[in-house]
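One structure is given below, encoded as structure tokens.
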Amino acid sequence: MPTLTIDGKQIEVPAGTTVIQAADKLGITIPRYCYHPALPVSGNCRICMVEIEKQPKLQIACYTPVADGMVVHTNSPKVLESRKTVLEFLLVNHPVDCPVCDQAGECKLQDYYMEHGQYDSRLSDVKVKKEKKAFSIGPTVMLDQERCILCTRCVRFSDTITKTSEFGVFNRGDHSQLDLYPGKKLDNNYSGNVVDICPVGALTDSDFRFKCRVWYLAQTKSVCPGCSQGCNITVEWDKMRPHQQKKARVMRLKPRHNPEVNDYWMCDKGRYNYRFIDENRIQYPQLGDEIISWDKAIDTVAGAVKSLKNTNRIGVIASAQLTNEDLFVVRKLFKDTLKGSQIEFDAPQADGDDFLLKADRNPNTAGAIKILDAKGNAQEIIEKAKAGEFDVLYVFGVNLIKLYGKDVVAAIAKKVKLFVYQGSNVNDTCSYAHLNLPSSVYAEKEGTFTNCQNKVQRIWQAFTPLAESRGDWQILSLLSSKLGTELTYKNSQEVFQELTKQVGAFGDMSYEKISDKGVTTT
């Protein structure tokens, strides 16, 4: 393997590695616009120029392969002057509309200009290209041709990642401009990713546009709950201006790099699946039409359970939307404590594709199978409930009406003595449940999901649960206490520690080992 020196630091890398890749491994950041590690190299922006000893001219770091004994300088006077002239050239035709641009605060044109820019411009006139300003190119993305620096990241993404080839560069020469091919629009499952990779404000997200300045946003690591792929994401929420966004905390979701799960990408279904976090929530325990306290709610369930002559009269429908920790406490309470309870879970399906979006639209089906030792078919519980075999039916977050119809749910509600719905959002089933218990959403809890690759991945709490909602395992711990078998977990980590001891597939895992990249189960 060749050994080279970059800015005085020596590194050994595999043959074929480029200078920019070697520098990244050393933690040396070389500016880049067109280069993206997941896309083919284009080499057209020229801002990644570096000086290589014994070579007469500066070389682009993104395309130049390393060689044994190579000595590279990334901040020599020649290199810094080159960056200034590249930035000056890019800004010749770039509008100075930073105050109204959504990319402000995360724009690499701004950042690099502040670091390397030519402050004494040689231009006496403001020269702005007269192409079309912001216009829609599909249901999720806007294009502003004036701001485009022709890095062609979006072109290469649509050509090589989605293979849908919507973008092209037209009028080649000094009038080059980015646009869609005639008759096409940007409408695929991954269109939002072009906004993530655009280094300037040329491609912006229609949903996020003018909603919130990025410097008001906090980023919390998480996992997308939209399907069993479990794409790594950040939940980006407004931490600074609650008076401006009273009903919405989450502003957007963005993909988080994990080469083994989703690389740099996420699908649009997951990206825009965040409104339920703040909208249409069950906020308080409700018995019939009456809002009640948590004490009364838990007493209602505990009283119904205690009145049973046999615990096999309890039917439970769990959800693959629950975390591993939630599911483990479901198992502890209903299988270990209330022995004889019959448990199944439901994992609704939809259309998927051959990239990231899976037909299983649940983040934790694999975890539910391992922990509950169930088949993922709640039909058995439904049939038994219809036949009057249960006195208590406890449902976690599953919209039974959507799956089985109103007539079936209405009949079950009349058959059972207590129908409990525990979930985060109001749906049709809530009006048939006798008791509704508000649980927190994934962005309000700590825990883990197990994806379709059997990789256990962590989620982190972004903010406190809305109103009086609580974590699912915490609600069950309250119920367990009322039943005289207290579960004394202080936090989700303690639940997970016990889970690893009792469910063999999770072996010797810990939150520390899982970290932010995940660990595969046995």
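For the structure tokens, the naming scheme is as follows: chains receive sequential letters (A, B, ...) according to their order of presentation, residues are indexed from 1 within each chain, and ligands are indexed from 1 in presentation order.
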
Practice prompt. For A:Leu253, list every protein, DNA or RNA residue within 9 Å, evaluated using only C-alpha atoms, and leave out those in the same chain fewer than 6 positions away; present the list as an MDAnalysis selection string.
Written response: chainID A and resid 224 233:237 270:274

Mind the document's chain letters and residue numbers, and return as a PDB file with C-alpha atoms, in the first residue's frame the residues of stretch 252-297 of chain A that DSSP labels helix (DSSP H, G or I).
```pdb
ATOM      1  CA  ASP A 268     -39.231  10.647   0.530  1.00  0.00           C
ATOM      2  CA  LYS A 269     -41.826   8.521   2.350  1.00  0.00           C
ATOM      3  CA  GLY A 270     -39.626   8.586   5.433  1.00  0.00           C
ATOM      4  CA  ARG A 271     -38.358  12.139   4.943  1.00  0.00           C
ATOM      5  CA  ARG A 275     -46.035  15.618  11.020  1.00  0.00           C
ATOM      6  CA  PHE A 276     -47.628  12.919  13.172  1.00  0.00           C
ATOM      7  CA  ILE A 277     -45.044  13.784  15.841  1.00  0.00           C
ATOM      8  CA  TRP A 294     -53.290   8.657  34.893  1.00  0.00           C
ATOM      9  CA  ASP A 295     -54.094   7.178  38.317  1.00  0.00           C
ATOM     10  CA  LYS A 296     -57.702   6.577  37.376  1.00  0.00           C
ATOM     11  CA  ALA A 297     -56.719   5.215  33.966  1.00  0.00           C
TER      12      ALA A 297
END
```

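With only C-alpha atoms as the atoms that count, the residue of A:Leu186, A:Leu150, A:Cys430, A:Leu39 with the shortest distance to A:Gly173 is A:Leu150.
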
Determine, counting only C-alpha atoms, which protein, DNA and RNA residues have an atom within 6 Å of an atom of stretch 103-113 of chain A; residues of the same chain fewer than 6 positions away are not included. Present the result as a PDB file with N, CA and C atoms, in the first residue's frame.
```pdb
ATOM      1  N   PRO A 199     -24.734  21.838  -2.773  1.00  0.00           N
ATOM      2  CA  PRO A 199     -23.884  22.595  -1.840  1.00  0.00           C
ATOM      3  C   PRO A 199     -24.287  24.053  -1.684  1.00  0.00           C
ATOM      4  N   VAL A 200     -25.207  24.515  -2.533  1.00  0.00           N
ATOM      5  CA  VAL A 200     -25.668  25.905  -2.470  1.00  0.00           C
ATOM      6  C   VAL A 200     -27.195  25.909  -2.382  1.00  0.00           C
ATOM      7  N   GLY A 201     -27.829  27.012  -2.700  1.00  0.00           N
ATOM      8  CA  GLY A 201     -29.283  27.105  -2.562  1.00  0.00           C
ATOM      9  C   GLY A 201     -30.041  26.929  -3.858  1.00  0.00           C
TER      10      GLY A 201
END
```

Discussion item. So that I can check the secondary structure, give me every residue of stretch 344-376 of chain A assigned strand (DSSP E or B) by backbone DSSP, as JSON, numbers by chain.
Written reply: {"A": [344, 345, 346, 349, 360]}

Discussion item. Applying 7 Å and only C-alpha atoms, which residues near A:Arg361 remain after dropping the ones on its own chain fewer than 2 positions away? List them as a list in words.
Written reply: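 Residues near the query, excluding close chain neighbours: Gly226, Cys227, Ser228, Pro348, Gln349, Ala350, Lys358, Ala359 and Pro363 of chain A.
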
Write the residues you've just listed into a file as an mmCIF file, in the first residue's frame, and include N, CA and C atoms for each of them.
```
data_model
loop_
_atom_site.group_PDB
_atom_site.id
_atom_site.type_symbol
_atom_site.label_atom_id
_atom_site.label_comp_id
_atom_site.auth_asym_id
_atom_site.auth_seq_id
_atom_site.Cartn_x
_atom_site.Cartn_y
_atom_site.Cartn_z
ATOM 1 N N GLY A 226 -40.302 4.671 9.281
ATOM 2 C CA GLY A 226 -41.197 4.509 8.145
ATOM 3 C C GLY A 226 -41.209 3.146 7.496
ATOM 4 N N CYS A 227 -40.123 2.358 7.657
ATOM 5 C CA CYS A 227 -40.108 0.995 7.114
ATOM 6 C C CYS A 227 -39.022 0.194 7.803
ATOM 7 N N SER A 228 -38.918 -1.072 7.458
ATOM 8 C CA SER A 228 -38.014 -1.963 8.175
ATOM 9 C C SER A 228 -36.542 -1.777 7.813
ATOM 10 N N PRO A 348 -48.256 -3.740 9.403
ATOM 11 C CA PRO A 348 -48.876 -3.434 8.110
ATOM 12 C C PRO A 348 -47.860 -3.308 6.980
ATOM 13 N N GLN A 349 -48.260 -3.728 5.794
ATOM 14 C CA GLN A 349 -47.393 -3.722 4.612
ATOM 15 C C GLN A 349 -47.897 -2.701 3.586
ATOM 16 N N ALA A 350 -47.016 -2.294 2.700
ATOM 17 C CA ALA A 350 -47.366 -1.391 1.596
ATOM 18 C C ALA A 350 -46.385 -1.673 0.460
ATOM 19 N N LYS A 358 -38.871 -0.386 1.999
ATOM 20 C CA LYS A 358 -39.338 -1.762 2.140
ATOM 21 C C LYS A 358 -40.861 -1.819 2.245
ATOM 22 N N ALA A 359 -41.429 -2.954 1.811
ATOM 23 C CA ALA A 359 -42.878 -3.145 1.884
ATOM 24 C C ALA A 359 -43.357 -3.195 3.333
ATOM 25 N N PRO A 363 -40.464 -0.197 11.746
ATOM 26 C CA PRO A 363 -39.027 -0.202 12.010
ATOM 27 C C PRO A 363 -38.543 -1.384 12.841
#
```
